[in-house]
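For reference, start-v4.txt (compact mmCIF, C-alpha atoms):
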# COMPACT_ATOMS: atom_id res chain seq x y z
CA MET A 1 0.00 0.00 0.00
CA THR A 2 1.59 3.28 -1.04
CA ALA A 3 1.59 6.29 1.23
CA PRO A 4 -0.89 9.01 0.29
CA ARG A 5 0.64 11.79 -1.73
CA ALA A 6 1.51 14.90 0.27
CA ALA A 7 -0.84 17.79 -0.22
CA SER A 8 1.88 20.20 -1.30
CA PRO A 9 5.58 20.23 -2.15
CA LEU A 10 6.28 21.79 1.24
CA ASP A 11 4.42 19.00 3.00
CA ALA A 12 6.39 16.47 0.97
CA LEU A 13 9.66 18.06 1.99
CA LEU A 14 8.67 18.26 5.65
CA ALA A 15 7.67 14.60 5.57
CA ARG A 16 10.97 13.64 3.98
CA LEU A 17 12.90 15.61 6.60
CA ALA A 18 10.86 14.07 9.40
CA SER A 19 11.56 10.57 8.12
CA ASP A 20 15.21 10.99 9.13
CA GLY A 21 14.15 11.35 12.76
CA ASP A 22 16.58 12.76 15.28
CA GLU A 23 19.53 12.27 12.94
CA GLY A 24 18.00 14.50 10.33
CA VAL A 25 17.87 18.22 9.91
CA GLY A 26 14.79 20.39 10.36
CA TYR A 27 13.38 22.74 7.74
CA GLU A 28 14.55 25.93 9.46
CA ALA A 29 18.04 24.54 10.05
CA LEU A 30 18.24 23.48 6.40
CA ARG A 31 17.13 26.90 5.24
CA ARG A 32 19.64 28.60 7.56
CA ARG A 33 22.47 26.45 6.21
CA LEU A 34 21.45 27.17 2.63
CA ILE A 35 21.50 30.89 3.35
CA ARG A 36 25.03 30.49 4.71
CA PHE A 37 26.03 28.61 1.57
CA PHE A 38 24.68 31.25 -0.79
CA ALA A 39 25.99 34.08 1.42
CA VAL A 40 29.53 32.99 0.60
CA TYR A 41 29.06 33.45 -3.14
CA ALA A 42 26.09 35.81 -3.53
CA PRO A 43 25.49 37.70 -0.29
CA ALA A 44 22.96 40.09 -1.81
CA ASP A 45 20.66 37.26 -2.92
CA ALA A 46 21.35 34.59 -0.32
CA ASP A 47 17.86 34.47 1.18
CA GLU A 48 16.11 34.42 -2.18
CA LEU A 49 18.40 31.76 -3.66
CA ALA A 50 17.99 29.60 -0.55
CA ASP A 51 14.21 29.69 -1.04
CA VAL A 52 14.59 28.81 -4.74
CA ALA A 53 16.72 25.81 -3.83
CA LEU A 54 14.29 24.67 -1.13
CA ASP A 55 11.34 25.02 -3.51
CA ARG A 56 13.08 22.77 -6.04
CA VAL A 57 13.93 20.14 -3.47
CA ALA A 58 10.34 20.26 -2.23
CA ARG A 59 8.95 19.88 -5.78
CA ARG A 60 11.16 16.85 -6.40
CA ALA A 61 10.05 15.29 -3.14
CA HIS A 62 6.42 15.96 -4.12
CA GLU A 63 7.00 14.36 -7.55
CA GLY A 64 8.14 11.21 -5.81
CA VAL A 65 11.87 11.47 -6.47
CA GLU A 66 13.67 9.26 -3.99
CA ILE A 67 16.06 11.39 -1.97
CA ALA A 68 18.57 9.12 -0.25
CA SER A 69 20.37 11.96 1.54
CA VAL A 70 18.57 15.27 1.98
CA LEU A 71 21.78 17.19 2.58
CA SER A 72 23.62 15.79 -0.45
CA TYR A 73 20.61 16.28 -2.68
CA THR A 74 20.06 19.82 -1.44
CA LEU A 75 23.74 20.66 -1.97
CA GLY A 76 23.49 19.53 -5.58
CA VAL A 77 20.38 21.63 -6.13
CA ALA A 78 22.03 24.62 -4.43
CA ARG A 79 25.08 24.40 -6.69
CA MET A 80 22.82 24.33 -9.73
CA VAL A 81 20.84 27.33 -8.49
CA LEU A 82 24.11 29.20 -7.89
CA HIS A 83 25.37 28.30 -11.36
CA GLU A 84 22.16 29.62 -12.91
CA ALA A 85 22.34 32.83 -10.86
CA ARG A 86 25.90 33.44 -12.02
CA ALA A 87 24.94 32.78 -15.63
CA ARG A 88 22.11 35.33 -15.38
CA ALA A 89 24.49 37.86 -13.90
CA ALA A 90 26.99 37.30 -16.70
CA ARG A 91 24.35 37.86 -19.35
CA ARG A 92 23.36 41.23 -17.95
CA ARG A 93 24.71 44.33 -19.64
CA ILE A 94 27.55 46.15 -17.88
CA VAL A 95 25.25 48.93 -16.75
CA GLU A 96 23.04 46.46 -14.96
CA VAL A 97 25.47 44.77 -12.63
CA ASP A 98 24.76 42.14 -10.02
CA PRO A 99 24.72 43.98 -6.68
CA THR A 100 27.08 41.39 -5.22
CA LEU A 101 29.69 42.53 -7.71
CA LEU A 102 29.25 46.27 -7.57
CA PRO A 103 28.68 47.83 -4.19
CA GLU A 104 26.91 51.08 -3.60
CA ALA A 105 29.22 54.01 -3.16
CA ASP A 106 30.82 53.90 0.25
CA ASP A 107 32.98 56.69 1.52
CA GLY A 108 32.79 55.98 5.25
CA ASP A 109 30.79 59.14 5.86
CA ALA A 110 31.98 60.71 9.09
CA HIS A 111 28.56 61.81 10.24
CA GLU A 112 27.11 58.34 9.69
CA ILE A 113 29.87 56.84 11.80
CA GLU A 114 29.31 59.34 14.59
CA VAL A 115 25.59 58.63 14.66
CA ALA A 116 26.25 54.89 14.68
CA LEU A 117 28.82 55.37 17.43
CA ALA A 118 26.29 57.08 19.67
CA ALA A 119 23.75 54.34 19.05
CA LEU A 120 26.34 51.63 19.64
CA SER A 121 27.47 53.18 22.90
CA ALA A 122 23.90 53.30 24.14
CA CYS A 123 23.29 49.70 23.12
CA LEU A 124 26.48 48.53 24.82
CA ASP A 125 25.45 50.32 28.00
CA ALA A 126 22.05 48.67 27.85
CA ALA A 127 23.65 45.25 27.33
CA GLY A 128 25.42 45.43 30.67
CA GLY A 129 29.00 45.23 31.93
CA ASP A 130 29.89 41.64 31.16
CA ALA A 131 28.40 41.70 27.66
CA ARG A 132 30.01 45.03 26.92
CA GLY A 133 33.40 43.83 28.11
CA LEU A 134 33.13 40.63 26.12
CA ILE A 135 32.21 42.41 22.89
CA LEU A 136 34.97 45.00 23.18
CA GLU A 137 37.61 42.43 24.05
CA TYR A 138 36.53 39.67 21.66
CA TYR A 139 36.41 42.02 18.68
CA GLY A 140 39.21 44.29 19.80
CA ALA A 141 42.24 42.32 18.62
CA ASP A 142 43.45 41.83 15.09
CA GLY A 143 45.61 39.48 13.10
CA ALA A 144 47.54 36.78 14.89
CA SER A 145 46.68 38.08 18.34
CA ARG A 146 42.98 37.30 17.90
CA ILE A 147 43.14 33.59 18.59
CA ALA A 148 45.39 33.97 21.63
CA LEU A 149 43.14 36.65 23.09
CA ARG A 150 40.01 34.59 22.52
CA GLN A 151 41.54 31.49 24.02
CA ARG A 152 42.44 33.55 27.07
CA LEU A 153 38.90 34.93 27.31
CA ALA A 154 37.45 31.42 27.09
CA GLY A 155 39.84 30.20 29.77
CA GLU A 156 38.94 33.05 32.09
CA ARG A 157 35.26 32.18 31.74
CA GLY A 158 35.81 28.44 32.06
CA ILE A 159 34.12 27.71 28.72
CA SER A 160 35.25 26.27 25.39
CA LEU A 161 36.35 28.47 22.52
CA ASN A 162 33.27 27.30 20.59
CA ALA A 163 30.96 28.37 23.41
CA LEU A 164 32.69 31.74 23.64
CA ARG A 165 32.39 32.21 19.89
CA ASN A 166 28.69 31.43 19.97
CA ARG A 167 28.14 33.88 22.81
CA ALA A 168 30.06 36.62 20.98
CA LEU A 169 28.12 35.96 17.75
CA ARG A 170 24.78 36.25 19.52
CA LEU A 171 25.81 39.36 21.40
CA ARG A 172 26.97 40.98 18.18
CA GLU A 173 23.74 40.11 16.39
CA ALA A 174 21.75 41.56 19.28
CA LEU A 175 23.94 44.67 19.23
CA GLU A 176 23.45 45.18 15.49
CA ASP A 177 19.71 44.73 15.92
CA CYS A 178 19.70 47.27 18.76
CA VAL A 179 21.64 49.78 16.67
CA ARG A 180 19.35 49.22 13.69
CA LYS A 181 16.30 49.99 15.81
CA ARG A 182 17.91 53.08 17.34
CA LEU A 183 19.01 54.42 13.97
CA GLY A 184 15.53 53.86 12.59
CA ARG A 185 14.09 55.74 15.52
CA ASP A 186 16.55 58.60 15.75
CA GLU A 187 17.41 59.43 12.15
CA PRO A 188 15.27 61.72 10.05
CA ALA A 189 13.11 59.96 7.46
CA MET B 1 39.10 15.37 7.57
CA ILE B 2 41.64 18.16 7.98
CA GLU B 3 40.01 21.08 9.80
CA PRO B 4 40.13 24.22 7.63
CA THR B 5 42.04 27.17 9.03
CA ASP B 6 40.58 30.62 9.54
CA GLU B 7 42.79 31.76 6.66
CA SER B 8 41.22 29.27 4.28
CA LEU B 9 37.73 30.25 5.41
CA ARG B 10 38.59 33.88 4.77
CA ALA B 11 39.98 32.94 1.36
CA TRP B 12 36.69 31.17 0.64
CA LEU B 13 34.69 34.28 1.53
CA LEU B 14 36.97 36.36 -0.70
CA GLY B 15 36.56 33.98 -3.63
CA ARG B 16 40.18 32.84 -3.60
CA LEU B 17 39.86 29.19 -2.67
CA PRO B 18 40.55 26.50 -5.30
CA PRO B 19 37.29 24.89 -6.47
CA ALA B 20 38.07 21.50 -4.95
CA ASP B 21 38.68 23.05 -1.52
CA ALA B 22 35.56 25.19 -1.83
CA GLU B 23 33.44 22.12 -2.61
CA ALA B 24 34.59 20.45 0.58
CA LEU B 25 33.61 23.52 2.59
CA GLU B 26 30.24 23.69 0.84
CA GLN B 27 29.49 20.22 2.16
CA ARG B 28 30.52 21.28 5.66
CA VAL B 29 28.32 24.37 5.74
CA LEU B 30 25.27 22.36 4.63
CA GLY B 31 25.95 19.60 7.09
CA ASP B 32 27.25 21.23 10.24
CA ASP B 33 25.73 24.17 12.18
CA ALA B 34 28.84 24.57 14.34
CA PHE B 35 30.92 24.99 11.21
CA GLY B 36 28.47 27.61 9.98
CA GLU B 37 28.95 29.55 13.20
CA ARG B 38 32.70 29.35 12.81
CA LEU B 39 32.31 30.73 9.28
CA ALA B 40 30.19 33.58 10.66
CA ASP B 41 32.97 34.34 13.16
CA VAL B 42 35.56 34.52 10.38
CA GLU B 43 33.24 36.76 8.40
CA ASN B 44 32.95 39.10 11.39
CA ASP B 45 36.74 39.28 11.61
CA LEU B 46 36.87 40.15 7.91
CA LEU B 47 34.24 42.83 8.48
CA ASP B 48 36.23 44.27 11.38
CA ASP B 49 39.43 44.31 9.33
CA LEU B 50 37.60 46.20 6.60
CA ALA B 51 36.14 48.64 9.12
CA ALA B 52 39.55 49.23 10.72
CA GLU B 53 41.12 49.74 7.27
CA ARG B 54 43.48 46.81 7.64
CA LEU B 55 42.63 45.58 4.13
CA ALA B 56 44.00 46.88 0.85
CA GLY B 57 43.86 46.33 -2.90
CA ASP B 58 41.72 43.51 -4.26
CA GLU B 59 41.02 42.09 -0.82
CA ARG B 60 39.52 45.38 0.29
CA ALA B 61 37.49 45.73 -2.89
CA VAL B 62 35.97 42.26 -2.56
CA ALA B 63 35.25 42.70 1.14
CA LEU B 64 33.69 46.11 0.53
CA ALA B 65 31.45 44.62 -2.16
CA ARG B 66 30.32 41.95 0.27
CA PHE B 67 29.58 44.33 3.11
CA THR B 68 27.74 46.93 1.03
CA ALA B 69 25.65 44.47 -0.99
CA THR B 70 22.49 44.80 1.10
CA PRO B 71 21.04 47.33 3.55
CA ARG B 72 21.71 44.91 6.40
CA ALA B 73 25.32 44.45 5.32
CA ARG B 74 25.81 48.22 5.13
CA LEU B 75 24.42 48.58 8.62
CA ARG B 76 26.81 45.90 9.85
CA LEU B 77 29.71 47.80 8.32
CA ARG B 78 28.53 50.99 9.95
CA VAL B 79 28.36 49.28 13.35
CA ALA B 80 31.79 47.74 12.79
CA ARG B 81 33.28 51.14 12.03
CA ALA B 82 31.78 52.49 15.22
CA LEU B 83 33.08 49.49 17.14
CA VAL B 84 36.60 50.25 15.91
CA ARG B 85 36.34 53.59 17.65
CA LEU B 86 35.42 51.95 20.94
CA THR B 87 37.90 49.09 21.17
CA PRO B 88 41.03 50.13 23.12
CA ARG B 89 43.37 48.11 20.87
CA ASP B 90 42.58 50.37 17.90
CA ALA B 91 42.57 53.72 19.68
CA ALA B 92 45.78 54.77 17.89
CA HIS B 93 44.46 53.69 14.51
CA ALA B 94 41.16 55.46 15.05
CA SER B 95 42.99 58.68 15.85
CA ARG B 96 44.93 58.45 12.57
CA ARG B 97 41.74 57.96 10.62
CA ALA B 98 40.18 60.92 12.39
CA SER B 99 42.89 63.17 10.93
CA ARG B 100 41.67 62.65 7.35
CA PRO B 101 39.71 65.34 5.55
CA GLY B 102 36.00 65.02 6.00
CA VAL B 103 36.37 63.30 9.36
CA ARG B 104 36.04 65.25 12.55
CA ARG B 105 39.45 65.65 14.16
CA ALA B 106 39.31 64.07 17.56
CA HIS B 107 43.09 63.99 18.09
CA ARG B 108 46.16 66.08 17.37
CA PRO B 109 47.56 65.42 13.89
CA ARG B 110 50.36 62.84 13.99
CA GLY B 111 53.12 61.53 11.77
CA TRP B 112 54.69 63.86 9.33
CA LEU B 113 51.87 66.35 9.86
CA ALA B 114 53.38 67.08 13.26
CA GLY B 115 56.90 66.92 11.78
CA ALA B 116 56.09 69.33 8.98
CA LEU B 117 54.78 71.85 11.44
CA GLY B 118 58.15 71.94 13.18
CA ALA B 119 60.80 73.84 11.21
CA ALA B 120 63.74 71.66 12.24
CA ALA B 121 61.89 68.44 11.47
CA ALA B 122 60.72 69.83 8.13
CA ILE B 123 64.28 70.66 7.09
CA ALA B 124 65.45 67.20 8.07
CA ILE B 125 62.71 65.62 6.02
CA ALA B 126 63.43 67.84 3.03
CA VAL B 127 67.16 67.00 3.05
CA VAL B 128 66.63 63.28 3.39
CA GLY B 129 63.44 63.25 1.39
CA LEU B 130 62.45 60.12 3.18
CA ASN B 131 61.14 59.52 6.64
CA LEU B 132 60.87 56.02 7.96
CA ARG B 133 59.32 55.64 11.35
CA ALA B 134 59.21 52.45 13.30
CA PRO B 135 55.80 51.08 14.15
CA ILE B 136 54.02 52.99 16.84
CA GLN B 137 53.80 50.82 19.91
CA GLY B 138 50.79 48.55 19.71
CA THR B 139 49.99 49.22 16.06
CA ARG B 140 52.70 47.45 13.98
CA VAL B 141 52.30 50.03 11.21
CA ALA B 142 55.51 51.59 9.86
CA THR B 143 55.39 54.88 7.97
CA ILE B 144 57.36 55.93 4.92
CA THR B 145 57.12 59.51 3.75
CA LEU B 146 58.27 60.36 0.24
CA LEU B 147 58.80 63.96 -0.84
CA ALA B 148 58.98 65.36 -4.32
CA ASP B 149 62.77 65.81 -4.28
CA ARG B 150 63.29 62.07 -3.69
CA GLN B 151 61.95 60.92 -7.01
CA ARG B 152 65.00 61.08 -9.22
CA GLY B 153 66.76 57.80 -9.96
CA ILE B 154 67.55 54.81 -7.81
CA GLU B 155 68.56 55.78 -4.33
CA ASP B 156 71.74 54.49 -2.77
CA GLN B 157 70.07 54.34 0.58
CA THR B 158 68.27 51.08 1.22
CA ILE B 159 65.08 51.31 3.21
CA ALA B 160 64.87 48.80 6.03
CA VAL B 161 61.28 48.04 6.88
CA PRO B 162 60.85 46.49 10.33
CA ARG B 163 60.04 42.82 10.06
CA ASP B 164 57.27 42.95 12.65
CA ALA B 165 55.39 45.68 10.81
CA VAL B 166 52.16 44.22 9.44
CA SER B 167 51.59 47.14 7.13
CA VAL B 168 53.29 50.29 5.88
CA ARG B 169 51.63 53.67 5.66
CA LEU B 170 52.90 55.49 2.59
CA GLN B 171 52.69 59.28 2.62
CA LEU B 172 53.42 60.72 -0.82
CA GLU B 173 53.87 64.40 -1.63
CA VAL B 174 51.63 65.64 -4.45
CA ASP B 175 51.28 68.99 -6.17
CA ASP B 176 48.32 71.28 -5.82
CA THR B 177 46.04 70.75 -8.81
CA ARG B 178 43.68 73.36 -10.19
CA GLU B 179 40.56 71.32 -9.67
CA PRO B 180 39.75 69.25 -6.58
CA THR B 181 40.80 65.75 -7.51
CA ARG B 182 41.55 62.34 -6.17
CA PHE B 183 44.73 60.37 -6.64
CA ALA B 184 45.58 56.81 -7.53
CA LEU B 185 48.55 54.88 -6.17
CA GLU B 186 50.28 51.95 -7.85
CA ILE B 187 53.29 49.93 -6.74
CA GLU B 188 55.29 47.96 -9.30
CA ASP B 189 57.70 45.06 -8.86
CA ALA B 190 59.77 44.23 -11.93
CA GLY B 191 57.26 45.94 -14.19
CA ARG B 192 54.27 44.19 -12.68
CA ALA B 193 51.66 46.00 -10.60
CA VAL B 194 51.52 44.39 -7.14
CA PHE B 195 49.31 46.90 -5.43
CA SER B 196 46.92 49.64 -6.47
CA THR B 197 44.36 51.84 -4.83
CA ALA B 198 42.39 54.87 -5.92
CA ASP B 199 40.21 57.67 -4.58
CA LEU B 200 42.96 59.01 -2.32
CA VAL B 201 42.00 62.40 -0.97
CA PRO B 202 44.89 64.87 -0.64
CA GLN B 203 45.67 66.35 2.76
CA THR B 204 47.79 69.34 3.71
CA ALA B 205 50.27 70.03 6.47
CA GLY B 206 51.78 73.49 6.28
CA ALA B 207 53.30 73.85 2.83
CA TYR B 208 53.08 70.15 2.10
CA ARG B 209 50.30 68.43 0.27
CA PHE B 210 50.17 64.64 0.33
CA VAL B 211 48.12 61.52 -0.02
CA GLU B 212 48.46 58.47 2.12
CA ALA B 213 47.55 54.81 1.92
CA GLU B 214 48.23 51.79 4.06
CA VAL B 215 49.96 49.00 2.15
CA PRO B 216 50.33 45.38 3.27
CA ARG B 217 53.83 44.61 4.46
CA ARG B 218 54.27 41.85 1.85
CA VAL B 219 53.94 44.40 -0.96
CA LEU B 220 57.05 46.18 0.32
CA ALA B 221 59.23 43.14 0.92
CA ASN B 222 62.89 42.74 -0.13
CA GLY B 223 63.72 44.24 -3.49
CA GLU B 224 63.18 47.25 -5.66
CA ARG B 225 59.76 48.81 -6.06
CA ILE B 226 58.47 51.72 -8.10
CA VAL B 227 55.81 53.77 -6.34
CA ARG B 228 53.61 55.84 -8.67
CA VAL B 229 50.93 58.35 -7.80
CA ARG B 230 48.78 60.02 -10.41
CA ALA B 231 45.63 62.05 -10.87
CA GLY B 232 44.43 61.27 -14.38
CA ASP B 233 46.31 63.47 -16.84
CA ALA B 234 46.71 66.31 -14.36
CA PHE B 235 49.53 64.91 -12.23
CA ALA B 236 52.00 62.02 -12.05
CA ARG B 237 55.02 61.27 -9.86
CA ALA B 238 57.14 58.19 -9.23
CA TRP B 239 59.74 57.03 -6.71
CA THR B 240 62.12 54.09 -6.93
CA LEU B 241 62.73 52.37 -3.61
CA ARG B 242 65.18 49.65 -2.65
CA ILE B 243 63.75 47.78 0.32
CA ARG B 244 65.15 45.17 2.66
CA ASP B 245 63.59 43.39 5.60
CA GLU B 246 65.00 44.52 8.92
Same coordinates, now as structure tokens:
Amino acid sequence: MTAPRAASPLDALLARLASDGDEGVGYEALRRRLIRFFAVYAPADADELADVALDRVARRAHEGVEIASVLSYTLGVARMVLHEARARAARRRIVEVDPTLLPEADDGDAHEIEVALAALSACLDAAGGDARGLILEYYGADGASRIALRQRLAGERGISLNALRNRALRLREALEDCVRKRLGRDEPA
Amino acid sequence: MIEPTDESLRAWLLGRLPPADAEALEQRVLGDDAFGERLADVENDLLDDLAAERLAGDERAVALARFTATPRARLRLRVARALVRLTPRDAAHASRRASRPGVRRAHRPRGWLAGALGAAAAIAIAVVGLNLRAPIQGTRVATITLLADRQRGIEDQTIAVPRDAVSVRLQLEVDDTREPTRFALEIEDAGRAVFSTADLVPQTAGAYRFVEAEVPRRVLANGERIVRVRAGDAFARAWTLRIRDE
């Protein structure tokens, strides 16, 4: 007796992911990893390309294609999607350039930096002493001294380097989000 | 599986990794969340290096493209530039950047700006035509100042660049042009361009007008280099330097 067909490609994909049980990867985790993949090569379009890749995998699952390994299959689809995106970019005329290749003008405007500095200072104050100290120390070194500093910070806190890295990443994301909200609130429209 | 280094992850982000190596990393990022977080950490370090102006040439151009590609990326770069101003390690670097035109001066002008303001120091610079300063403590950035009267022929004096300098700040005297303009810098090694940058804004210190750019140490390694600065058809000047590692 064959299983009833899933109602939609998304349902088919979710069912396929669920069939791997605890060893498998969830939909959101898969999407997050795809975004990271595309962000390496096409940061401006990473989210969109990740959704294109997921849609294709979902359609194949809905069509009944047997997917032995979701991750391997998805990687193959992602590489194809990336190849197609690059081909489209190459076909565009020079005046219509892929935004990942031609950035907007950036001259490090002094006023913008000052405004961001004020917002950042306020956000660091709101984050509290330990978070503030961690951010300023973790991201304060450069070059070869970075790893030694971070290992020292991890040792002082009695945690692994991985755990420290994760904490710093989350703090930085929260900081950037805080600054984004403050800049949206304080800057003229 | 050999664990990739931070350098190889950075090379991947900058599009410099051989395809076979990149394919292996693609598998990792799809299959391993912890690896993805490590990649995000390396990307943050690249962002901070861009914000602190520790990148140059093609590396800087590629990184700038990445971190100005979306509104979110531009915000991240803006935050990173502000963070540079707050981290104690980069206080000296931030003060140098603050001395550029268009940026509010938060600190007293340094380097040959201060030297040019002092008569005795200015004379010494003019006679030698070259000023090499050891890295300022904590920064590992050496400074070479080249004046107009140093451009003729190959100099007998060899320039010893400190080995522990990670970069060299070149300050190059330029003439006053009629129209406001920007300058381009190129460094050649045996007829081949090994470094280039553009959009350099001229600065003044007393009677001297100059542009400056920070160059990776490896560009000014042992050997002879030709340093050229130009502003379209309006201005061009070149210096020949013989460099040795100290």
- Task: Pull out every residue of chain A sitting within 9 Å of chain B, counting all atoms listed in the file, and send them as a VMD selection string.
- Result: chain A and resid 25 29 to 30 32 to 34 36 to 37 39 to 45 71 to 72 74 to 75 99 to 106 108 to 121 135 to 137 139 to 143 162 165 to 166 168 to 169 175 to 176 179 to 180
Keeping C-alpha atoms for every residue in the selection just given, could you write it to a file as a PDB file, in the coordinates of the input?
ATOM      1  CA  VAL A  25      17.870  18.220   9.910  1.00  0.00           C
ATOM      2  CA  ALA A  29      18.040  24.540  10.050  1.00  0.00           C
ATOM      3  CA  LEU A  30      18.240  23.480   6.400  1.00  0.00           C
ATOM      4  CA  ARG A  32      19.640  28.600   7.560  1.00  0.00           C
ATOM      5  CA  ARG A  33      22.470  26.450   6.210  1.00  0.00           C
ATOM      6  CA  LEU A  34      21.450  27.170   2.630  1.00  0.00           C
ATOM      7  CA  ARG A  36      25.030  30.490   4.710  1.00  0.00           C
ATOM      8  CA  PHE A  37      26.030  28.610   1.570  1.00  0.00           C
ATOM      9  CA  ALA A  39      25.990  34.080   1.420  1.00  0.00           C
ATOM     10  CA  VAL A  40      29.530  32.990   0.600  1.00  0.00           C
ATOM     11  CA  TYR A  41      29.060  33.450  -3.140  1.00  0.00           C
ATOM     12  CA  ALA A  42      26.090  35.810  -3.530  1.00  0.00           C
ATOM     13  CA  PRO A  43      25.490  37.700  -0.290  1.00  0.00           C
ATOM     14  CA  ALA A  44      22.960  40.090  -1.810  1.00  0.00           C
ATOM     15  CA  ASP A  45      20.660  37.260  -2.920  1.00  0.00           C
ATOM     16  CA  LEU A  71      21.780  17.190   2.580  1.00  0.00           C
ATOM     17  CA  SER A  72      23.620  15.790  -0.450  1.00  0.00           C
ATOM     18  CA  THR A  74      20.060  19.820  -1.440  1.00  0.00           C
ATOM     19  CA  LEU A  75      23.740  20.660  -1.970  1.00  0.00           C
ATOM     20  CA  PRO A  99      24.720  43.980  -6.680  1.00  0.00           C
ATOM     21  CA  THR A 100      27.080  41.390  -5.220  1.00  0.00           C
ATOM     22  CA  LEU A 101      29.690  42.530  -7.710  1.00  0.00           C
ATOM     23  CA  LEU A 102      29.250  46.270  -7.570  1.00  0.00           C
ATOM     24  CA  PRO A 103      28.680  47.830  -4.190  1.00  0.00           C
ATOM     25  CA  GLU A 104      26.910  51.080  -3.600  1.00  0.00           C
ATOM     26  CA  ALA A 105      29.220  54.010  -3.160  1.00  0.00           C
ATOM     27  CA  ASP A 106      30.820  53.900   0.250  1.00  0.00           C
ATOM     28  CA  GLY A 108      32.790  55.980   5.250  1.00  0.00           C
ATOM     29  CA  ASP A 109      30.790  59.140   5.860  1.00  0.00           C
ATOM     30  CA  ALA A 110      31.980  60.710   9.090  1.00  0.00           C
ATOM     31  CA  HIS A 111      28.560  61.810  10.240  1.00  0.00           C
ATOM     32  CA  GLU A 112      27.110  58.340   9.690  1.00  0.00           C
ATOM     33  CA  ILE A 113      29.870  56.840  11.800  1.00  0.00           C
ATOM     34  CA  GLU A 114      29.310  59.340  14.590  1.00  0.00           C
ATOM     35  CA  VAL A 115      25.590  58.630  14.660  1.00  0.00           C
ATOM     36  CA  ALA A 116      26.250  54.890  14.680  1.00  0.00           C
ATOM     37  CA  LEU A 117      28.820  55.370  17.430  1.00  0.00           C
ATOM     38  CA  ALA A 118      26.290  57.080  19.670  1.00  0.00           C
ATOM     39  CA  ALA A 119      23.750  54.340  19.050  1.00  0.00           C
ATOM     40  CA  LEU A 120      26.340  51.630  19.640  1.00  0.00           C
ATOM     41  CA  SER A 121      27.470  53.180  22.900  1.00  0.00           C
ATOM     42  CA  ILE A 135      32.210  42.410  22.890  1.00  0.00           C
ATOM     43  CA  LEU A 136      34.970  45.000  23.180  1.00  0.00           C
ATOM     44  CA  GLU A 137      37.610  42.430  24.050  1.00  0.00           C
ATOM     45  CA  TYR A 139      36.410  42.020  18.680  1.00  0.00           C
ATOM     46  CA  GLY A 140      39.210  44.290  19.800  1.00  0.00           C
ATOM     47  CA  ALA A 141      42.240  42.320  18.620  1.00  0.00           C
ATOM     48  CA  ASP A 142      43.450  41.830  15.090  1.00  0.00           C
ATOM     49  CA  GLY A 143      45.610  39.480  13.100  1.00  0.00           C
ATOM     50  CA  ASN A 162      33.270  27.300  20.590  1.00  0.00           C
ATOM     51  CA  ARG A 165      32.390  32.210  19.890  1.00  0.00           C
ATOM     52  CA  ASN A 166      28.690  31.430  19.970  1.00  0.00           C
ATOM     53  CA  ALA A 168      30.060  36.620  20.980  1.00  0.00           C
ATOM     54  CA  LEU A 169      28.120  35.960  17.750  1.00  0.00           C
ATOM     55  CA  LEU A 175      23.940  44.670  19.230  1.00  0.00           C
ATOM     56  CA  GLU A 176      23.450  45.180  15.490  1.00  0.00           C
ATOM     57  CA  VAL A 179      21.640  49.780  16.670  1.00  0.00           C
ATOM     58  CA  ARG A 180      19.350  49.220  13.690  1.00  0.00           C
TER      59      ARG A 180
END
- Task: Kindly provide, as a ChimeraX atom specification, the polymer residues lying within 10 Å of (44.7, 58.9, 2.3), counting only C-alpha atoms and using the coordinates exactly as they appear in the file.
- Result: /B:97,99-101,169-172,182-183,198-203,210-214
Same residues, C-alpha atoms, saved as a PDB file, in the frame of the given file:
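Result file result_18.pdb:
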ATOM      1  CA  ARG B  97      41.740  57.960  10.620  1.00  0.00           C
ATOM      2  CA  SER B  99      42.890  63.170  10.930  1.00  0.00           C
ATOM      3  CA  ARG B 100      41.670  62.650   7.350  1.00  0.00           C
ATOM      4  CA  PRO B 101      39.710  65.340   5.550  1.00  0.00           C
ATOM      5  CA  ARG B 169      51.630  53.670   5.660  1.00  0.00           C
ATOM      6  CA  LEU B 170      52.900  55.490   2.590  1.00  0.00           C
ATOM      7  CA  GLN B 171      52.690  59.280   2.620  1.00  0.00           C
ATOM      8  CA  LEU B 172      53.420  60.720  -0.820  1.00  0.00           C
ATOM      9  CA  ARG B 182      41.550  62.340  -6.170  1.00  0.00           C
ATOM     10  CA  PHE B 183      44.730  60.370  -6.640  1.00  0.00           C
ATOM     11  CA  ALA B 198      42.390  54.870  -5.920  1.00  0.00           C
ATOM     12  CA  ASP B 199      40.210  57.670  -4.580  1.00  0.00           C
ATOM     13  CA  LEU B 200      42.960  59.010  -2.320  1.00  0.00           C
ATOM     14  CA  VAL B 201      42.000  62.400  -0.970  1.00  0.00           C
ATOM     15  CA  PRO B 202      44.890  64.870  -0.640  1.00  0.00           C
ATOM     16  CA  GLN B 203      45.670  66.350   2.760  1.00  0.00           C
ATOM     17  CA  PHE B 210      50.170  64.640   0.330  1.00  0.00           C
ATOM     18  CA  VAL B 211      48.120  61.520  -0.020  1.00  0.00           C
ATOM     19  CA  GLU B 212      48.460  58.470   2.120  1.00  0.00           C
ATOM     20  CA  ALA B 213      47.550  54.810   1.920  1.00  0.00           C
ATOM     21  CA  GLU B 214      48.230  51.790   4.060  1.00  0.00           C
TER      22      GLU B 214
END
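Distance-wise, atom CA of Asp58 of chain B and atom CA of Arg16 of chain B end up 10.8 Å apart.
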- Task: Figure out the distance between atom CA of Leu10 of chain A and atom CA of Leu49 of chain A, please, to one decimal in Å.
- Result: 16.4 Å
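The two atoms in question, atom CA of Leu171 of chain A and atom CA of Arg157 of chain A, are spaced 15.7 Å apart.
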